[in-house]
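So this one's coords-v9.cif, mmCIF, C-alpha atoms and all ligand atoms:
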data_target
loop_
_atom_site.label_atom_id
_atom_site.label_comp_id
_atom_site.auth_asym_id
_atom_site.auth_seq_id
_atom_site.Cartn_x
_atom_site.Cartn_y
_atom_site.Cartn_z
CA MET Y 1 2.19 -41.20 10.86
CA THR Y 2 1.95 -37.46 10.40
CA MET Y 3 4.48 -35.17 8.86
CA PRO Y 4 5.54 -32.11 10.82
CA VAL Y 5 4.54 -28.87 9.17
CA PRO Y 6 7.37 -26.34 9.06
CA ALA Y 7 6.44 -23.01 10.58
CA SER Y 8 7.77 -21.31 7.47
CA THR Y 9 4.83 -22.56 5.42
CA ALA Y 10 2.47 -20.33 7.41
CA SER Y 11 1.45 -17.55 5.07
CA ALA Y 12 1.88 -13.92 6.03
CA PRO Y 13 -0.41 -12.01 3.69
CA SER Y 14 0.05 -8.77 5.59
CA ALA Y 15 3.82 -8.75 5.65
CA PRO Y 16 4.86 -5.09 5.47
CA VAL Y 17 6.40 -3.85 2.24
CA ALA Y 18 8.71 -0.84 2.09
CA THR Y 19 7.11 1.28 -0.63
CA ASP Y 20 5.40 4.63 -1.09
CA HIS Y 21 2.92 3.40 -3.69
CA VAL Y 22 -0.31 1.53 -2.97
CA SER Y 23 -2.71 0.25 -5.59
CA ILE Y 24 -6.45 0.02 -5.12
CA ALA Y 25 -7.68 -2.92 -7.17
CA ALA Y 26 -10.23 -5.72 -6.82
CA PHE Y 27 -11.59 -4.11 -3.67
CA ALA Y 28 -8.26 -4.28 -1.87
CA PHE Y 29 -5.28 -2.10 -1.01
CA GLY Y 30 -2.00 -3.57 -2.13
CA PRO Y 31 0.35 -4.01 -0.44
CA THR Y 32 -1.98 -4.12 2.55
CA THR Y 33 0.70 -2.91 4.93
CA ILE Y 34 3.54 -0.63 3.91
CA THR Y 35 6.41 0.96 5.78
CA VAL Y 36 7.76 4.43 5.03
CA LYS Y 37 10.13 6.91 6.61
CA PRO Y 38 8.87 10.16 8.17
CA GLY Y 39 8.18 12.82 5.56
CA THR Y 40 7.20 10.32 2.88
CA THR Y 41 4.34 11.13 0.53
CA VAL Y 42 2.37 7.96 -0.15
CA THR Y 43 0.46 7.70 -3.43
CA TRP Y 44 -2.62 5.52 -3.84
CA THR Y 45 -3.63 4.67 -7.42
CA GLN Y 46 -7.23 3.74 -7.96
CA GLN Y 47 -7.62 1.01 -10.58
CA ASP Y 48 -11.11 -0.32 -9.85
CA GLU Y 49 -14.33 0.42 -11.70
CA ASP Y 50 -16.03 1.15 -8.40
CA GLN Y 51 -15.17 4.27 -6.46
CA HIS Y 52 -13.06 3.99 -3.31
CA THR Y 53 -11.72 6.27 -0.63
CA VAL Y 54 -8.56 6.28 1.46
CA THR Y 55 -9.82 7.18 4.93
CA ALA Y 56 -7.85 7.08 8.16
CA ASN Y 57 -9.58 5.12 10.90
CA ASP Y 58 -8.93 8.02 13.27
CA GLY Y 59 -10.17 10.58 10.75
CA SER Y 60 -6.78 12.30 10.43
CA PHE Y 61 -6.91 12.15 6.62
CA THR Y 62 -9.33 11.12 3.91
CA SER Y 63 -9.67 11.26 0.17
CA SER Y 64 -12.81 12.04 -1.72
CA PRO Y 65 -14.35 9.13 -3.63
CA LEU Y 66 -11.73 8.20 -6.24
CA VAL Y 67 -12.77 7.23 -9.72
CA THR Y 68 -10.82 4.88 -11.98
CA GLY Y 69 -7.33 6.06 -12.85
CA THR Y 70 -7.02 8.79 -10.24
CA THR Y 71 -4.57 9.06 -7.38
CA TYR Y 72 -4.58 10.31 -3.81
CA THR Y 73 -1.51 11.38 -1.90
CA HIS Y 74 -0.86 11.94 1.80
CA THR Y 75 2.37 12.91 3.50
CA PHE Y 76 3.20 11.15 6.76
CA THR Y 77 5.41 13.18 9.07
CA ALA Y 78 5.18 11.51 12.47
CA PRO Y 79 6.26 7.95 13.28
CA GLY Y 80 3.39 5.64 14.10
CA THR Y 81 0.94 3.13 12.71
CA TYR Y 82 -1.84 4.55 10.58
CA ALA Y 83 -4.75 2.23 9.86
CA TYR Y 84 -7.10 3.24 7.08
CA HIS Y 85 -10.06 1.88 5.18
CA CYS Y 86 -12.44 2.66 2.33
CA SER Y 87 -15.45 4.56 3.63
CA ILE Y 88 -17.61 3.08 0.86
CA HIS Y 89 -16.48 -0.51 1.48
CA PRO Y 90 -15.51 -0.73 5.17
CA PHE Y 91 -14.14 -4.26 4.67
CA MET Y 92 -11.23 -2.75 2.71
CA HIS Y 93 -8.37 -2.15 5.12
CA GLY Y 94 -4.77 -1.00 4.90
CA THR Y 95 -2.00 0.17 7.17
CA VAL Y 96 0.85 2.64 6.79
CA VAL Y 97 3.66 2.19 9.30
CA VAL Y 98 5.87 5.26 9.61
CA THR Y 99 9.19 4.17 11.05
CA ASN Y 100 11.44 6.20 13.33
CA GLY Y 101 13.61 6.98 10.34
CU CU C 201 -14.08 0.99 -1.69
#
Produce structure tokens that represent the structure in this file.
Amino acid sequence: MTMPVPASTASAPSAPVATDHVSIAAFAFGPTTITVKPGTTVTWTQQDEDQHTVTANDGSFTSSPLVTGTTYTHTFTAPGTYAYHCSIHPFMHGTVVVTNG
């Protein structure tokens, strides 16, 4: 006899979070996916010992290598989905979703 597994127990680690602040820690962007309104300036705070960048997959924006305790900001004006990564550690991924307002 097996017990049914409720669908609600499925984890959703990339559930979008409405925030304009992203931390960079333990080789990960957190929250991984955020939602903002057009015109929002998003701030990334670098908390790792290793340097990281915030680099758009399409090259539309990028930070320089960020050392511990520094921040990077980018203002998103147009609605859309902006995937980014760390150019030093390409396995680090994040997404900014700019809503229609
Ligand atoms: Cu990195």
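Of the listed residues Y:Asn57, Y:Thr75, Y:Ser87, Y:Thr33, the one whose atoms come nearest to ligand CU 201 (chain C) is Y:Ser87, with distances taken using only C-alpha atoms and all ligand atoms.
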Could you give me the residues within 12 Å of ligand CU 201 (chain C), counting only C-alpha atoms and all ligand atoms, as number ranges by chain?
Y: 24-29, 46-55, 63-68, 84-94
Among Y:Val36, Y:Val42, Y:Val17, Y:Ala83, Thr99 in chain Y is approached most closely, using all atoms listed in the file, by Y:Val36
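As for CA of Thr71 in chain Y and CA of Gly101 in chain Y, they are spaced 25.5 Å apart.
Between CA of Thr95 in chain Y and CA of Ser60 in chain Y there is a distance of 13.4 Å.
Atom to atom, CA of Thr45 in chain Y and CA of Asp58 in chain Y stand 21.6 Å apart.
Between Tyr72 in chain Y and the candidates Y:Trp44, Y:Asp20, Y:Pro31, Y:Val97, the tightest atom-to-atom separation, counting only C-alpha atoms, involves Y:Trp44.
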With distances taken over only C-alpha atoms, the candidate from Y:Thr41, Y:Ser23, Y:Pro16, Y:Thr81 nearest Gly69 in chain Y is Y:Ser23
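Proximity ranking of Y:Ala15, Y:Thr35, Y:Val98, Y:Phe61 relative to Thr77 in chain Y places Y:Val98 first, based on all atoms listed in the file.
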Can you give me N, CA and C atoms for range 26-49 of chain Y, written as a compact mmCIF listing (two decimals), in the coordinates of the input?
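File produced: out_7.txt:
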# COMPACT_ATOMS: atom_id res chain seq x y z
N ALA Y 26 -9.47 -4.55 -7.26
CA ALA Y 26 -10.23 -5.72 -6.82
C ALA Y 26 -10.65 -5.58 -5.37
N PHE Y 27 -11.09 -4.38 -5.02
CA PHE Y 27 -11.59 -4.11 -3.67
C PHE Y 27 -10.55 -4.41 -2.59
N ALA Y 28 -9.30 -4.05 -2.86
CA ALA Y 28 -8.26 -4.28 -1.87
C ALA Y 28 -7.14 -3.27 -2.07
N PHE Y 29 -6.48 -2.93 -0.97
CA PHE Y 29 -5.28 -2.10 -1.01
C PHE Y 29 -4.08 -3.02 -1.10
N GLY Y 30 -3.16 -2.70 -2.01
CA GLY Y 30 -2.00 -3.57 -2.13
C GLY Y 30 -0.71 -2.78 -2.33
N PRO Y 31 0.34 -3.08 -1.58
CA PRO Y 31 0.35 -4.01 -0.44
C PRO Y 31 -0.56 -3.54 0.69
N THR Y 32 -1.07 -4.47 1.46
CA THR Y 32 -1.98 -4.12 2.55
C THR Y 32 -1.28 -3.27 3.59
N THR Y 33 -0.06 -3.65 3.93
CA THR Y 33 0.70 -2.91 4.93
C THR Y 33 2.01 -2.45 4.32
N ILE Y 34 2.28 -1.16 4.43
CA ILE Y 34 3.54 -0.63 3.91
C ILE Y 34 4.29 0.07 5.03
N THR Y 35 5.60 0.20 4.84
CA THR Y 35 6.41 0.96 5.78
C THR Y 35 7.09 2.09 5.01
N VAL Y 36 7.12 3.27 5.63
CA VAL Y 36 7.76 4.43 5.03
C VAL Y 36 8.54 5.18 6.11
N LYS Y 37 9.40 6.07 5.68
CA LYS Y 37 10.13 6.91 6.61
C LYS Y 37 9.35 8.22 6.82
N PRO Y 38 9.57 8.89 7.94
CA PRO Y 38 8.87 10.16 8.17
C PRO Y 38 9.12 11.14 7.03
N GLY Y 39 8.08 11.86 6.64
CA GLY Y 39 8.18 12.82 5.56
C GLY Y 39 7.85 12.25 4.20
N THR Y 40 7.50 10.96 4.16
CA THR Y 40 7.20 10.32 2.88
C THR Y 40 5.79 10.65 2.42
N THR Y 41 5.66 10.96 1.14
CA THR Y 41 4.34 11.13 0.53
C THR Y 41 3.95 9.81 -0.11
N VAL Y 42 2.87 9.24 0.37
CA VAL Y 42 2.37 7.96 -0.15
C VAL Y 42 1.32 8.26 -1.22
N THR Y 43 1.41 7.54 -2.32
CA THR Y 43 0.46 7.70 -3.43
C THR Y 43 -0.38 6.44 -3.59
N TRP Y 44 -1.69 6.62 -3.56
CA TRP Y 44 -2.62 5.52 -3.84
C TRP Y 44 -3.13 5.69 -5.26
N THR Y 45 -3.12 4.64 -6.05
CA THR Y 45 -3.63 4.67 -7.42
C THR Y 45 -4.86 3.79 -7.52
N GLN Y 46 -5.95 4.41 -7.93
CA GLN Y 46 -7.23 3.74 -7.96
C GLN Y 46 -7.43 3.07 -9.33
N GLN Y 47 -7.55 1.76 -9.33
CA GLN Y 47 -7.62 1.01 -10.58
C GLN Y 47 -8.93 0.26 -10.75
N ASP Y 48 -9.84 0.41 -9.78
CA ASP Y 48 -11.11 -0.32 -9.85
C ASP Y 48 -12.17 0.48 -10.60
N GLU Y 49 -13.18 -0.24 -11.08
CA GLU Y 49 -14.33 0.42 -11.70
C GLU Y 49 -15.15 1.15 -10.64
